[in-house]
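K.L.:
Got a structure for you, model_15.cif, holding mmCIF, C-alpha atoms.
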```cif
data_start
loop_
_atom_site.label_atom_id
_atom_site.label_comp_id
_atom_site.auth_asym_id
_atom_site.auth_seq_id
_atom_site.Cartn_x
_atom_site.Cartn_y
_atom_site.Cartn_z
CA MET A 7 117.70 69.67 123.00
CA VAL A 8 119.14 73.07 123.84
CA GLU A 9 118.21 74.18 127.32
CA GLY A 10 116.40 77.50 127.30
CA ALA A 11 115.84 77.40 123.54
CA PRO A 12 112.40 78.36 122.31
CA GLN A 13 109.96 75.58 121.54
CA LEU A 14 106.49 75.35 120.07
CA PRO A 15 103.79 76.43 122.50
CA VAL A 16 101.92 73.71 124.35
CA LEU A 17 98.70 72.83 122.52
CA ALA A 18 96.12 73.40 125.24
CA HIS A 19 93.02 73.45 123.05
CA SER A 20 91.48 71.10 120.49
CA PRO A 21 92.66 71.37 116.85
CA LEU A 22 89.32 72.74 115.68
CA HIS A 23 89.36 75.30 118.48
CA ARG A 24 92.85 76.46 117.48
CA ILE A 25 91.94 76.59 113.78
CA ALA A 26 88.81 78.60 114.61
CA GLY A 27 90.82 80.95 116.79
CA ASN A 28 93.47 81.43 114.10
CA MET A 29 90.84 82.04 111.45
CA GLY A 30 88.94 84.45 113.67
CA ARG A 31 92.03 86.62 114.02
CA LEU A 32 92.66 86.44 110.27
CA LEU A 33 89.04 87.19 109.41
CA SER A 34 88.92 90.28 111.60
CA GLY A 35 91.70 91.83 109.53
CA LYS A 36 90.28 90.62 106.23
CA ALA A 37 86.83 91.94 107.07
CA ALA A 38 88.24 95.37 107.85
CA ALA A 39 90.40 95.24 104.72
CA GLY A 40 87.41 94.25 102.59
CA ILE A 41 85.31 97.14 103.82
CA ILE A 42 88.15 99.63 103.33
CA SER A 43 89.00 98.31 99.86
CA LEU A 44 85.41 98.75 98.69
CA GLY A 45 85.82 102.49 99.20
CA SER A 46 88.97 102.77 97.09
CA ILE A 47 87.51 100.52 94.38
CA ALA A 48 84.30 102.55 94.19
CA ILE A 49 86.23 105.83 93.90
CA ALA A 50 88.66 104.48 91.28
CA ALA A 51 85.93 102.85 89.19
CA ARG A 52 83.76 105.97 89.15
CA ILE A 53 86.60 108.38 88.36
CA LEU A 54 88.28 106.22 85.72
CA GLY A 55 85.30 104.48 84.13
CA VAL A 56 85.23 100.89 83.00
CA GLU A 57 87.99 101.16 80.34
CA GLN A 58 90.59 103.11 82.33
CA TYR A 59 89.80 101.04 85.41
CA GLY A 60 90.53 98.04 83.22
CA VAL A 61 93.94 99.46 82.29
CA LEU A 62 94.74 100.06 85.97
CA ASN A 63 93.94 96.44 86.77
CA LEU A 64 95.82 95.12 83.74
CA VAL A 65 99.00 96.95 84.81
CA HIS A 66 98.63 95.72 88.37
CA GLY A 67 97.63 92.24 87.20
CA PHE A 68 100.70 91.91 85.00
CA ALA A 69 103.01 92.80 87.91
CA THR A 70 101.33 90.38 90.29
CA LEU A 71 101.34 87.62 87.67
CA MET A 72 105.09 88.01 87.18
CA GLY A 73 105.60 88.13 90.93
CA GLY A 74 103.48 85.05 91.51
CA THR A 75 105.11 83.11 88.65
CA ILE A 76 108.81 83.93 89.12
CA ALA A 77 109.10 85.06 92.73
CA PHE A 78 109.48 82.47 95.48
CA SER A 79 107.30 81.59 98.47
CA GLY A 80 109.02 80.12 101.51
CA PHE A 81 105.85 79.93 103.57
CA HIS A 82 105.29 76.18 103.73
CA GLY A 83 108.98 75.38 104.15
CA MET A 84 109.24 77.87 107.00
CA VAL A 85 106.30 76.36 108.84
CA ARG A 86 107.18 72.69 108.34
CA TYR A 87 110.96 72.73 108.85
CA GLY A 88 110.78 75.58 111.34
CA ALA A 89 108.28 73.63 113.45
CA GLU A 90 110.60 70.62 113.45
CA ALA A 91 113.59 72.74 114.51
CA LEU A 92 111.66 74.47 117.29
CA ASN A 93 110.24 71.15 118.46
CA ARG A 94 113.84 69.94 118.95
CA GLY A 95 114.92 73.23 120.54
CA ALA A 96 117.46 73.77 117.72
CA ALA A 97 117.50 77.58 117.73
CA THR A 98 120.68 77.95 115.64
CA GLN A 99 119.37 75.62 112.96
CA PHE A 100 116.08 77.52 113.00
CA ARG A 101 117.82 80.84 112.44
CA ASN A 102 119.89 79.41 109.58
CA LEU A 103 116.65 78.19 107.98
CA ILE A 104 115.23 81.72 108.15
CA LEU A 105 118.32 83.08 106.39
CA LEU A 106 118.13 80.47 103.61
CA LEU A 107 114.47 81.09 102.81
CA ALA A 108 114.77 84.88 103.05
CA VAL A 109 117.77 84.97 100.69
CA ILE A 110 115.98 82.79 98.14
CA GLU A 111 112.76 84.82 98.34
CA LEU A 112 114.46 88.21 98.00
CA GLY A 113 116.74 87.00 95.21
CA MET A 114 113.89 85.59 93.14
CA ALA A 115 111.91 88.80 93.65
CA ALA A 116 114.78 90.76 92.11
CA VAL A 117 114.76 88.40 89.12
CA ALA A 118 110.98 88.77 88.73
CA ILE A 119 111.20 92.58 88.77
CA GLY A 120 113.94 92.58 86.14
CA VAL A 121 112.11 90.23 83.79
CA ALA A 122 108.84 92.13 84.18
CA MET A 123 110.52 95.45 83.32
CA LEU A 124 111.89 93.97 80.12
CA LEU A 125 108.46 92.68 79.06
CA VAL A 126 106.41 95.80 79.82
CA PRO A 127 106.62 97.49 76.38
CA TRP A 128 105.51 94.36 74.51
CA VAL A 129 102.83 93.35 77.03
CA GLY A 130 101.44 96.88 77.27
CA ALA A 131 101.08 97.21 73.51
CA SER A 132 99.43 93.78 73.25
CA LEU A 133 96.87 94.50 75.98
CA GLY A 134 95.84 97.94 74.79
CA TRP A 135 97.43 100.02 77.55
CA SER A 136 97.51 103.75 77.04
CA PRO A 137 100.93 105.33 76.30
CA GLN A 138 101.07 106.78 79.82
CA ALA A 139 100.38 103.34 81.30
CA ILE A 140 103.16 101.75 79.22
CA GLN A 141 105.54 104.51 80.27
CA PHE A 142 104.67 103.98 83.93
CA GLY A 143 104.60 100.18 83.65
CA GLY A 144 108.34 99.68 84.11
CA LEU A 145 108.31 101.49 87.42
CA TYR A 146 105.13 99.70 88.46
CA CYS A 147 106.98 96.38 88.32
CA LEU A 148 108.25 97.28 91.79
CA ALA A 149 104.74 96.29 92.92
CA ILE A 150 106.09 92.74 92.79
CA LEU A 151 107.48 93.52 96.25
CA ALA A 152 103.92 92.99 97.52
CA THR A 153 104.41 89.26 96.98
CA VAL A 154 107.72 89.10 98.89
CA ARG A 155 106.32 88.25 102.33
CA ALA A 156 105.95 84.48 102.57
CA THR A 157 108.94 83.82 104.84
CA PRO A 158 107.94 86.38 107.51
CA GLN A 159 104.35 85.19 107.30
CA GLY A 160 105.51 81.64 108.01
CA LEU A 161 107.47 82.89 110.99
CA LEU A 162 104.44 84.69 112.38
CA GLN A 163 102.43 81.49 112.03
CA LEU A 164 105.03 79.54 113.97
CA ALA A 165 104.89 82.17 116.70
CA GLU A 166 101.07 81.93 116.61
CA ARG A 167 100.88 85.69 116.03
CA PHE A 168 97.75 85.50 113.93
CA ASP A 169 96.78 88.84 115.38
CA LEU A 170 99.63 90.46 113.46
CA ILE A 171 98.89 88.41 110.34
CA GLY A 172 95.28 89.58 110.62
CA LEU A 173 96.43 93.19 110.92
CA HIS A 174 98.52 93.02 107.76
CA PRO A 175 95.70 92.88 105.14
CA VAL A 176 94.45 96.29 106.29
CA ILE A 177 97.64 98.11 105.27
CA MET A 178 97.36 98.01 101.48
CA PRO A 179 93.65 98.92 101.17
CA LEU A 180 94.05 101.68 103.76
CA ILE A 181 96.82 103.31 101.72
CA ARG A 182 94.75 102.89 98.56
CA LEU A 183 91.73 104.51 100.20
CA ILE A 184 93.71 107.48 101.51
CA GLY A 185 95.27 107.98 98.08
CA ALA A 186 91.92 107.60 96.30
CA LEU A 187 90.32 110.20 98.59
CA ILE A 188 93.16 112.62 97.86
CA ILE A 189 92.64 112.10 94.13
CA LEU A 190 88.88 112.53 94.54
CA PHE A 191 89.25 115.94 96.16
CA THR A 192 92.31 117.24 94.29
CA GLY A 193 91.83 115.70 90.85
CA GLY A 194 93.84 113.14 88.96
CA GLY A 195 93.52 110.28 86.53
CA LEU A 196 95.10 106.95 85.68
CA THR A 197 98.68 107.95 86.48
CA ALA A 198 97.69 109.20 89.93
CA PHE A 199 95.97 105.91 90.71
CA LEU A 200 98.98 103.96 89.45
CA TRP A 201 101.17 105.88 91.93
CA VAL A 202 98.77 105.13 94.77
CA TRP A 203 98.44 101.43 93.87
CA LEU A 204 102.24 101.14 93.61
CA ALA A 205 102.83 102.74 97.02
CA ALA A 206 100.23 100.42 98.56
CA ALA A 207 101.82 97.33 97.00
CA ILE A 208 105.31 98.18 98.25
CA ALA A 209 103.92 98.87 101.72
CA GLU A 210 102.14 95.51 101.68
CA GLY A 211 105.40 93.65 101.22
CA LEU A 212 107.61 95.67 103.57
CA SER A 213 105.05 95.82 106.38
CA MET A 214 104.95 92.02 106.71
CA TRP A 215 108.70 91.98 107.42
CA LEU A 216 108.23 94.72 110.03
CA LEU A 217 105.38 92.84 111.71
CA CYS A 218 107.52 89.70 111.66
CA TRP A 219 110.36 91.52 113.41
CA ILE A 220 107.93 92.73 116.07
CA GLY A 221 106.28 89.38 116.67
CA THR A 222 108.97 86.70 116.31
CA ARG A 223 112.22 88.00 117.78
CA HIS A 224 111.90 85.61 120.74
CA LEU A 225 112.02 82.53 118.50
CA THR A 226 115.78 82.76 117.95
CA ILE A 227 116.70 83.13 121.62
CA GLY A 228 119.48 80.67 122.42
CA ALA A 229 121.05 80.70 118.93
CA ASP A 230 124.84 80.98 118.84
CA GLY A 231 126.82 83.14 116.40
CA ARG A 232 125.68 84.64 113.15
CA PRO A 233 123.25 82.74 110.90
CA THR A 234 124.87 80.92 108.00
CA LEU A 235 123.79 79.05 104.90
CA LYS A 236 126.47 76.41 105.40
CA GLY A 237 124.99 73.05 106.28
CA THR A 238 121.38 74.23 106.13
CA ARG A 239 120.43 71.66 103.50
CA ARG A 240 122.05 68.91 105.55
CA ASP A 241 120.20 69.98 108.69
CA ASN A 242 116.86 69.99 106.84
CA PRO A 243 116.70 66.79 104.75
CA GLY A 244 114.56 67.13 101.65
CA ILE A 245 114.05 70.87 102.04
CA VAL A 246 115.05 71.80 98.48
CA ARG A 247 112.54 69.42 96.93
CA PHE A 248 109.88 70.41 99.43
CA ILE A 249 110.13 74.18 98.98
CA ALA A 250 110.45 73.84 95.20
CA THR A 251 107.30 71.72 95.05
CA THR A 252 105.24 73.86 97.43
CA ASN A 253 106.31 76.99 95.56
CA LEU A 254 105.28 75.35 92.28
CA ASP A 255 101.94 74.42 93.84
CA LEU A 256 101.26 78.01 94.90
CA THR A 257 102.34 79.29 91.49
CA LEU A 258 100.07 76.87 89.65
CA ARG A 259 97.20 77.75 92.00
CA ASP A 260 97.51 81.45 91.18
CA ILE A 261 98.32 81.37 87.47
CA ALA A 262 94.75 81.09 86.17
CA PRO A 263 93.20 83.81 88.38
CA LYS A 264 96.05 86.20 87.53
CA ALA A 265 96.32 85.31 83.85
CA THR A 266 92.59 85.38 83.11
CA PRO A 267 92.20 89.21 83.21
CA LEU A 268 95.21 89.56 80.91
CA ILE A 269 93.75 87.08 78.41
CA ILE A 270 90.42 88.93 78.55
CA GLY A 271 92.18 92.24 77.95
CA TRP A 272 94.09 90.75 75.02
CA MET A 273 90.92 89.34 73.38
CA LEU A 274 88.19 91.82 74.34
CA GLY A 275 90.03 94.99 75.37
CA PRO A 276 90.55 96.97 78.60
CA ALA A 277 86.82 97.65 79.19
CA ALA A 278 86.03 93.93 79.41
CA ALA A 279 89.08 93.44 81.64
CA GLY A 280 87.83 96.23 83.90
CA LEU A 281 84.41 94.64 84.23
CA TYR A 282 85.94 91.25 84.98
CA ALA A 283 88.30 92.83 87.56
CA LEU A 284 85.34 94.28 89.46
CA VAL A 285 83.53 90.93 89.29
CA GLN A 286 86.62 89.21 90.71
CA ARG A 287 86.75 91.72 93.52
CA ALA A 288 83.07 91.32 94.33
CA SER A 289 83.39 87.53 94.42
CA ALA A 290 86.51 87.59 96.60
CA ILE A 291 84.25 87.46 99.66
CA LEU A 292 83.90 83.72 98.95
CA ILE A 293 87.46 82.67 98.25
CA GLN A 294 89.35 84.77 100.82
CA PRO A 295 87.79 83.13 103.90
CA ALA A 296 88.48 79.72 102.34
CA GLN A 297 92.12 80.64 101.72
CA MET A 298 92.41 81.91 105.28
CA LEU A 299 90.92 78.67 106.60
CA GLY A 300 93.62 76.72 104.77
CA GLU A 301 96.22 79.12 106.13
CA ALA A 302 94.86 78.80 109.66
CA ALA A 303 94.66 75.01 109.45
CA TYR A 304 98.13 74.37 108.00
CA PRO A 305 100.29 75.01 111.10
CA VAL A 306 97.80 73.18 113.34
CA VAL A 307 97.68 70.10 111.08
CA THR A 308 101.48 70.19 110.66
CA ARG A 309 102.06 70.14 114.39
CA LEU A 310 99.51 67.34 114.91
CA LEU A 311 101.29 65.23 112.28
CA ILE A 312 104.67 65.92 113.85
CA SER A 313 103.25 64.70 117.17
CA GLY A 314 101.78 61.60 115.45
CA ASP A 315 98.09 62.43 116.01
CA ASN A 316 96.82 61.61 112.51
CA LYS A 317 93.24 61.00 113.66
CA ALA A 318 92.84 64.48 115.13
CA ALA A 319 94.50 66.03 112.07
CA GLY A 320 92.11 64.25 109.70
CA LYS A 321 89.07 65.25 111.72
CA ALA A 322 90.15 68.90 111.73
CA VAL A 323 90.74 68.90 107.98
CA ARG A 324 87.41 67.30 107.05
CA ARG A 325 85.29 69.50 109.29
CA SER A 326 87.10 72.66 108.17
CA ALA A 327 86.66 71.86 104.47
CA ILE A 328 82.96 71.00 104.82
CA PHE A 329 82.31 74.15 106.86
CA ALA A 330 84.07 76.38 104.32
CA THR A 331 82.14 74.91 101.40
CA GLY A 332 78.76 75.22 103.12
CA ILE A 333 79.28 78.85 104.09
CA ALA A 334 80.55 79.73 100.60
CA LEU A 335 77.55 78.15 98.86
CA LEU A 336 75.15 80.02 101.14
CA ALA A 337 76.93 83.33 100.55
CA ALA A 338 77.00 82.71 96.78
CA ALA A 339 73.26 82.04 96.70
CA ILE A 340 72.52 85.29 98.52
CA MET A 341 74.88 87.34 96.34
CA CYS A 342 73.45 85.89 93.13
CA LEU A 343 70.06 87.40 94.01
CA PHE A 344 71.58 90.88 93.98
CA ALA A 345 74.37 90.48 91.42
CA GLY A 346 73.48 93.50 89.28
CA GLU A 347 72.93 95.78 92.26
CA VAL A 348 76.28 94.76 93.78
CA LEU A 349 78.24 95.77 90.66
CA VAL A 350 76.42 99.08 90.22
CA LEU A 351 76.96 99.88 93.89
CA LEU A 352 80.68 99.15 93.59
CA GLY A 353 81.53 100.64 90.21
CA GLY A 354 78.64 102.72 88.95
CA ALA A 355 76.30 102.37 85.99
CA SER A 356 79.07 101.54 83.49
CA PHE A 357 79.52 98.15 85.23
CA ALA A 358 75.83 97.18 85.16
CA GLY A 359 76.21 94.58 82.40
CA GLY A 360 78.24 92.10 84.46
CA ALA A 361 75.50 90.48 86.57
CA SER A 362 75.48 87.16 84.67
CA LEU A 363 79.28 87.00 84.78
CA LEU A 364 79.27 87.62 88.54
CA ILE A 365 76.79 84.76 89.06
CA LEU A 366 78.99 82.34 87.10
CA VAL A 367 82.14 83.40 88.95
CA LEU A 368 80.39 83.12 92.32
CA LEU A 369 79.29 79.56 91.57
CA GLY A 370 82.75 78.53 90.43
CA ARG A 371 84.44 79.96 93.50
CA ALA A 372 81.92 78.50 95.94
CA MET A 373 82.57 75.00 94.58
CA ILE A 374 86.22 75.08 95.64
CA ALA A 375 85.88 76.88 98.98
CA GLY A 376 87.04 73.80 100.90
CA MET A 377 89.97 73.00 98.62
CA PRO A 378 92.64 75.24 100.27
CA THR A 379 92.18 73.18 103.44
CA LEU A 380 92.69 69.90 101.56
CA SER A 381 95.77 71.34 99.84
CA ALA A 382 97.14 72.42 103.22
CA ALA A 383 96.55 68.92 104.61
CA LEU A 384 98.35 67.23 101.71
CA THR A 385 101.26 69.65 102.06
CA ALA A 386 101.43 69.12 105.82
CA GLN A 387 101.80 65.39 105.15
CA GLY A 388 104.90 66.16 103.09
CA ARG A 389 103.08 65.49 99.80
CA PRO A 390 102.87 68.93 98.19
CA TRP A 391 103.34 67.44 94.72
CA VAL A 392 99.86 65.88 95.00
CA SER A 393 98.27 69.31 95.39
CA ALA A 394 100.59 70.66 92.69
CA ARG A 395 99.38 68.04 90.22
CA ALA A 396 95.77 68.98 90.84
CA ASN A 397 96.51 72.66 90.30
CA LEU A 398 98.59 71.88 87.22
CA ALA A 399 95.68 70.02 85.65
CA SER A 400 92.94 72.50 86.58
CA ASN A 401 94.70 75.85 86.34
CA VAL A 402 97.46 75.45 83.76
CA GLY A 403 96.12 72.46 81.84
CA MET A 404 92.74 74.06 81.26
CA LEU A 405 93.97 77.62 80.66
CA PRO A 406 94.23 77.10 76.87
CA MET A 407 90.45 76.52 76.89
CA LEU A 408 89.80 80.06 78.12
CA PRO A 409 90.19 81.80 74.73
CA LEU A 410 87.83 79.23 73.23
CA MET A 411 85.24 79.84 75.98
CA ILE A 412 85.49 83.60 75.42
CA TRP A 413 85.14 83.13 71.66
CA TRP A 414 81.97 81.05 72.16
CA PHE A 415 80.28 82.91 75.03
CA GLY A 416 81.93 86.33 75.09
CA LEU A 417 82.96 87.68 78.48
CA ASN A 418 80.65 85.20 80.22
CA GLY A 419 82.92 82.49 78.84
CA ALA A 420 85.42 83.41 81.56
CA GLY A 421 82.80 82.46 84.15
CA VAL A 422 81.98 79.17 82.39
CA HIS A 423 85.68 78.39 82.22
CA GLY A 424 86.02 79.07 85.95
CA ILE A 425 83.25 76.57 86.75
CA LEU A 426 84.94 73.88 84.65
CA GLN A 427 88.24 74.54 86.40
CA SER A 428 86.56 74.26 89.79
CA ILE A 429 84.99 70.91 88.91
CA VAL A 430 88.36 69.48 87.85
CA LEU A 431 90.25 70.89 90.85
CA ALA A 432 87.67 69.74 93.42
CA SER A 433 87.49 66.25 91.88
CA LEU A 434 91.25 65.77 91.90
CA LEU A 435 91.86 67.13 95.41
CA ILE A 436 88.99 65.20 97.00
CA TRP A 437 90.18 61.99 95.33
CA SER A 438 93.78 62.65 96.41
CA TYR A 439 92.77 63.42 99.98
CA ASN A 440 90.67 60.25 100.17
CA GLN A 441 93.80 58.29 99.23
CA SER A 442 95.80 59.92 102.03
CA ARG A 443 96.43 58.57 105.51
CA LEU A 444 94.26 61.29 107.07
CA ALA A 445 91.03 60.16 105.39
CA PRO A 446 88.73 57.57 106.99
CA ARG A 447 88.17 54.36 105.04
CA SER A 448 84.83 55.63 103.78
CA GLY A 449 86.42 58.79 102.37
CA MET A 450 85.28 62.37 102.88
#
```
Translate this file's structure into structure tokens.
P.N.:
Amino acid sequence: MVEGAPQLPVLAHSPLHRIAGNMGRLLSGKAAAGIISLGSIAIAARILGVEQYGVLNLVHGFATLMGGTIAFSGFHGMVRYGAEALNRGAATQFRNLILLLAVIELGMAAVAIGVAMLLVPWVGASLGWSPQAIQFGGLYCLAILATVRATPQGLLQLAERFDLIGLHPVIMPLIRLIGALIILFTGGGLTAFLWVWLAAAIAEGLSMWLLCWIGTRHLTIGADGRPTLKGTRRDNPGIVRFIATTNLDLTLRDIAPKATPLIIGWMLGPAAAGLYALVQRASAILIQPAQMLGEAAYPVVTRLLISGDNKAAGKAVRRSAIFATGIALLAAAIMCLFAGEVLVLLGGASFAGGASLLILVLLGRAMIAGMPTLSAALTAQGRPWVSARANLASNVGMLPMLPLMIWWFGLNGAGVHGILQSIVLASLLIWSYNQSRLAPRSGM
């Protein structure tokens, strides 16, 4: 161990206490971001109307789909291998790991932007974008930079700077709201909103790197010389397989939510895509806290496993997952009572017909509220492929059923499809977790 090198902080509190504290800091930022984003959404939906709002979301959705599919996430690798390096006091090895993951993430982002730019003319014509949207679409591919923030986020988690991670979600909606207010008072249409959404997306990606620089500089104290890629794979056995699998897991997890609006736009047109986009946004109140709970639990469970305390790790995972599911079901039940009013309040009268769709989407999302925590636990055990298989089956394997559901039930078919996906995903992850070494003999 290197004397004076940074190490992981001493764990003075119980795992559940640390997870709750991490989540509290994340939720404070998400709550503020949610309130702010409602303002920009309401302004954009009312100015643009359901069809043009649909085009705005289709352009943005295409960019984020390409970013999520091709770009790389070094989050889990940074936390797991970074925690091991810091636990040994290996500051130089830790800094080399940062360089490796950052180079891969930035390089894959460049590839994603290039591929997306090439596909814009064909995709835009297929999804019914207006000529101005197709013309702007190539430039809008730079919004993929919003997804290039996994490595710094992992670093902030290792430094336990959840206050800065919690601050980050406010940046994009704040820029959107300021831009939307300017458009509201000065005039503007779809192109103006595309400019604002693009600026907000770029700021979302770059700001995470800035916050990382502010909050984690002390972690590399004691490192000698410049960071290098030489020997990084040798110093981190199994890292290539691990980061490839965890990245695949995240990609599979996001494909269906990001591809669904595009499939709806292709089959039913931009207006239906706009209505579905607003429904997704309204239902995000359920899934975002669950995702944050998984994010908050992952570094805690990882460190408990590294220290050999499997019993405490399993207890933290089970209680977190049950809590997330219970809260989500309660929130879904309340929101279902006011589904129509929620959509009209957010988007205006042109969105009034989506109440039944919102109810279906709420139910589907509530069913899997505890699953991000189980995925995090399986990944922390070094078994990310187990979570990846579940997401492959539920998200990618069932995606071909979506056009059939839409053909049978219309736009509500997207909600029915989401419920079926949730049933498959929850079944597979619960079964996989109950086979893991963290589960008690009686299962969850």
K.L.:
Counting all atoms listed in the file, figure out which residue out of A:Ala327, A:Ala382, A:Val348, A:Met273 gets nearest to Ala420 (chain A).
P.N.:
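Checking each candidate against Ala420 (chain A), we get A:Met273 as the closest.
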K.L.:
Using the chain letters and numbers from the file, give me the residues hit by the PyMOL selection byres ((chain A and resi 383-386) around 9), as an MDAnalysis selection string.
P.N.:
chainID A and resid 82 86 252 300 303:305 307:309 311 319:320 323 378:382 387:393 438:439 442 444
K.L.:
Residues of region 52-153 of chain A that approach region 349-355 of chain A to 9 Å or less, counting all atoms listed in the file: could you list each one with the shortest pair of atoms and its distance in Å to one decimal, rows by chain and increasing residue number, as a tab-separated table?
P.N.:
```
residue	atom	partner	partner_atom	distance
A:Arg52	CA	A:Gly353	CA	5.9
A:Gly55	CA	A:Gly353	CA	8.1
A:Val56	CA	A:Gly353	CA	8.1
```
K.L.:
Find the residue from A:Ser313, A:Ser289, A:Gln99, A:Ser326 that sits nearest to Asn242 (chain A); use only C-alpha atoms when measuring.
P.N.:
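Closest to Asn242 (chain A) of all the choices is A:Gln99.
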K.L.:
Do you have the CA of Val306 (chain A)-CA of Phe329 (chain A) distance handy?
P.N.:
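Going from CA of Val306 (chain A) over to CA of Phe329 (chain A), I get 16.8 Å.
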K.L.:
Decode the PyMOL selection byres ((chain A and resi 105) around 12) for the given file into explicit residues and return them as a list of chain:residue names.
P.N.:
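Taken over the shown coordinates, the PyMOL selection byres ((chain A and resi 105) around 12) returns A:Gly80, A:Met84, A:Gly88, A:Thr98, A:Gln99, A:Phe100, A:Arg101, A:Asn102, A:Leu103, A:Ile104, A:Leu106, A:Leu107, A:Ala108, A:Val109, A:Ile110, A:Glu111, A:Leu112, A:Gly113, A:Thr157, A:Pro158, A:Leu161, A:Thr226, A:Arg232, A:Pro233, A:Thr234, A:Leu235, A:Lys236, A:Thr238, A:Arg239.
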K.L.:
So what does the PyMOL selection byres ((chain A and resi 64-67) around 10) actually pick up in this one, as JSON, numbers by chain?
P.N.:
{"A": [58, 59, 60, 61, 62, 63, 68, 69, 70, 71, 72, 73, 126, 129, 130, 133, 134, 135, 139, 140, 142, 143, 144, 146, 147, 149, 150, 200, 203, 204, 207, 263, 264, 265, 266, 267, 268, 269, 270, 271, 272, 276, 279, 280, 283]}
K.L.:
Would you write out those residues with C-alpha atoms, as an mmCIF file, in the coordinates of the input?
P.N.:
```cif
data_model
loop_
_atom_site.group_PDB
_atom_site.id
_atom_site.type_symbol
_atom_site.label_atom_id
_atom_site.label_comp_id
_atom_site.auth_asym_id
_atom_site.auth_seq_id
_atom_site.Cartn_x
_atom_site.Cartn_y
_atom_site.Cartn_z
ATOM 1 C CA GLN A 58 90.590 103.110 82.330
ATOM 2 C CA TYR A 59 89.800 101.040 85.410
ATOM 3 C CA GLY A 60 90.530 98.040 83.220
ATOM 4 C CA VAL A 61 93.940 99.460 82.290
ATOM 5 C CA LEU A 62 94.740 100.060 85.970
ATOM 6 C CA ASN A 63 93.940 96.440 86.770
ATOM 7 C CA PHE A 68 100.700 91.910 85.000
ATOM 8 C CA ALA A 69 103.010 92.800 87.910
ATOM 9 C CA THR A 70 101.330 90.380 90.290
ATOM 10 C CA LEU A 71 101.340 87.620 87.670
ATOM 11 C CA MET A 72 105.090 88.010 87.180
ATOM 12 C CA GLY A 73 105.600 88.130 90.930
ATOM 13 C CA VAL A 126 106.410 95.800 79.820
ATOM 14 C CA VAL A 129 102.830 93.350 77.030
ATOM 15 C CA GLY A 130 101.440 96.880 77.270
ATOM 16 C CA LEU A 133 96.870 94.500 75.980
ATOM 17 C CA GLY A 134 95.840 97.940 74.790
ATOM 18 C CA TRP A 135 97.430 100.020 77.550
ATOM 19 C CA ALA A 139 100.380 103.340 81.300
ATOM 20 C CA ILE A 140 103.160 101.750 79.220
ATOM 21 C CA PHE A 142 104.670 103.980 83.930
ATOM 22 C CA GLY A 143 104.600 100.180 83.650
ATOM 23 C CA GLY A 144 108.340 99.680 84.110
ATOM 24 C CA TYR A 146 105.130 99.700 88.460
ATOM 25 C CA CYS A 147 106.980 96.380 88.320
ATOM 26 C CA ALA A 149 104.740 96.290 92.920
ATOM 27 C CA ILE A 150 106.090 92.740 92.790
ATOM 28 C CA LEU A 200 98.980 103.960 89.450
ATOM 29 C CA TRP A 203 98.440 101.430 93.870
ATOM 30 C CA LEU A 204 102.240 101.140 93.610
ATOM 31 C CA ALA A 207 101.820 97.330 97.000
ATOM 32 C CA PRO A 263 93.200 83.810 88.380
ATOM 33 C CA LYS A 264 96.050 86.200 87.530
ATOM 34 C CA ALA A 265 96.320 85.310 83.850
ATOM 35 C CA THR A 266 92.590 85.380 83.110
ATOM 36 C CA PRO A 267 92.200 89.210 83.210
ATOM 37 C CA LEU A 268 95.210 89.560 80.910
ATOM 38 C CA ILE A 269 93.750 87.080 78.410
ATOM 39 C CA ILE A 270 90.420 88.930 78.550
ATOM 40 C CA GLY A 271 92.180 92.240 77.950
ATOM 41 C CA TRP A 272 94.090 90.750 75.020
ATOM 42 C CA PRO A 276 90.550 96.970 78.600
ATOM 43 C CA ALA A 279 89.080 93.440 81.640
ATOM 44 C CA GLY A 280 87.830 96.230 83.900
ATOM 45 C CA ALA A 283 88.300 92.830 87.560
#
```
K.L.:
Expressed in Å to a single decimal, how great is the separation between CA of Met377 (chain A) and CA of Met114 (chain A)?
P.N.:
27.6 Å
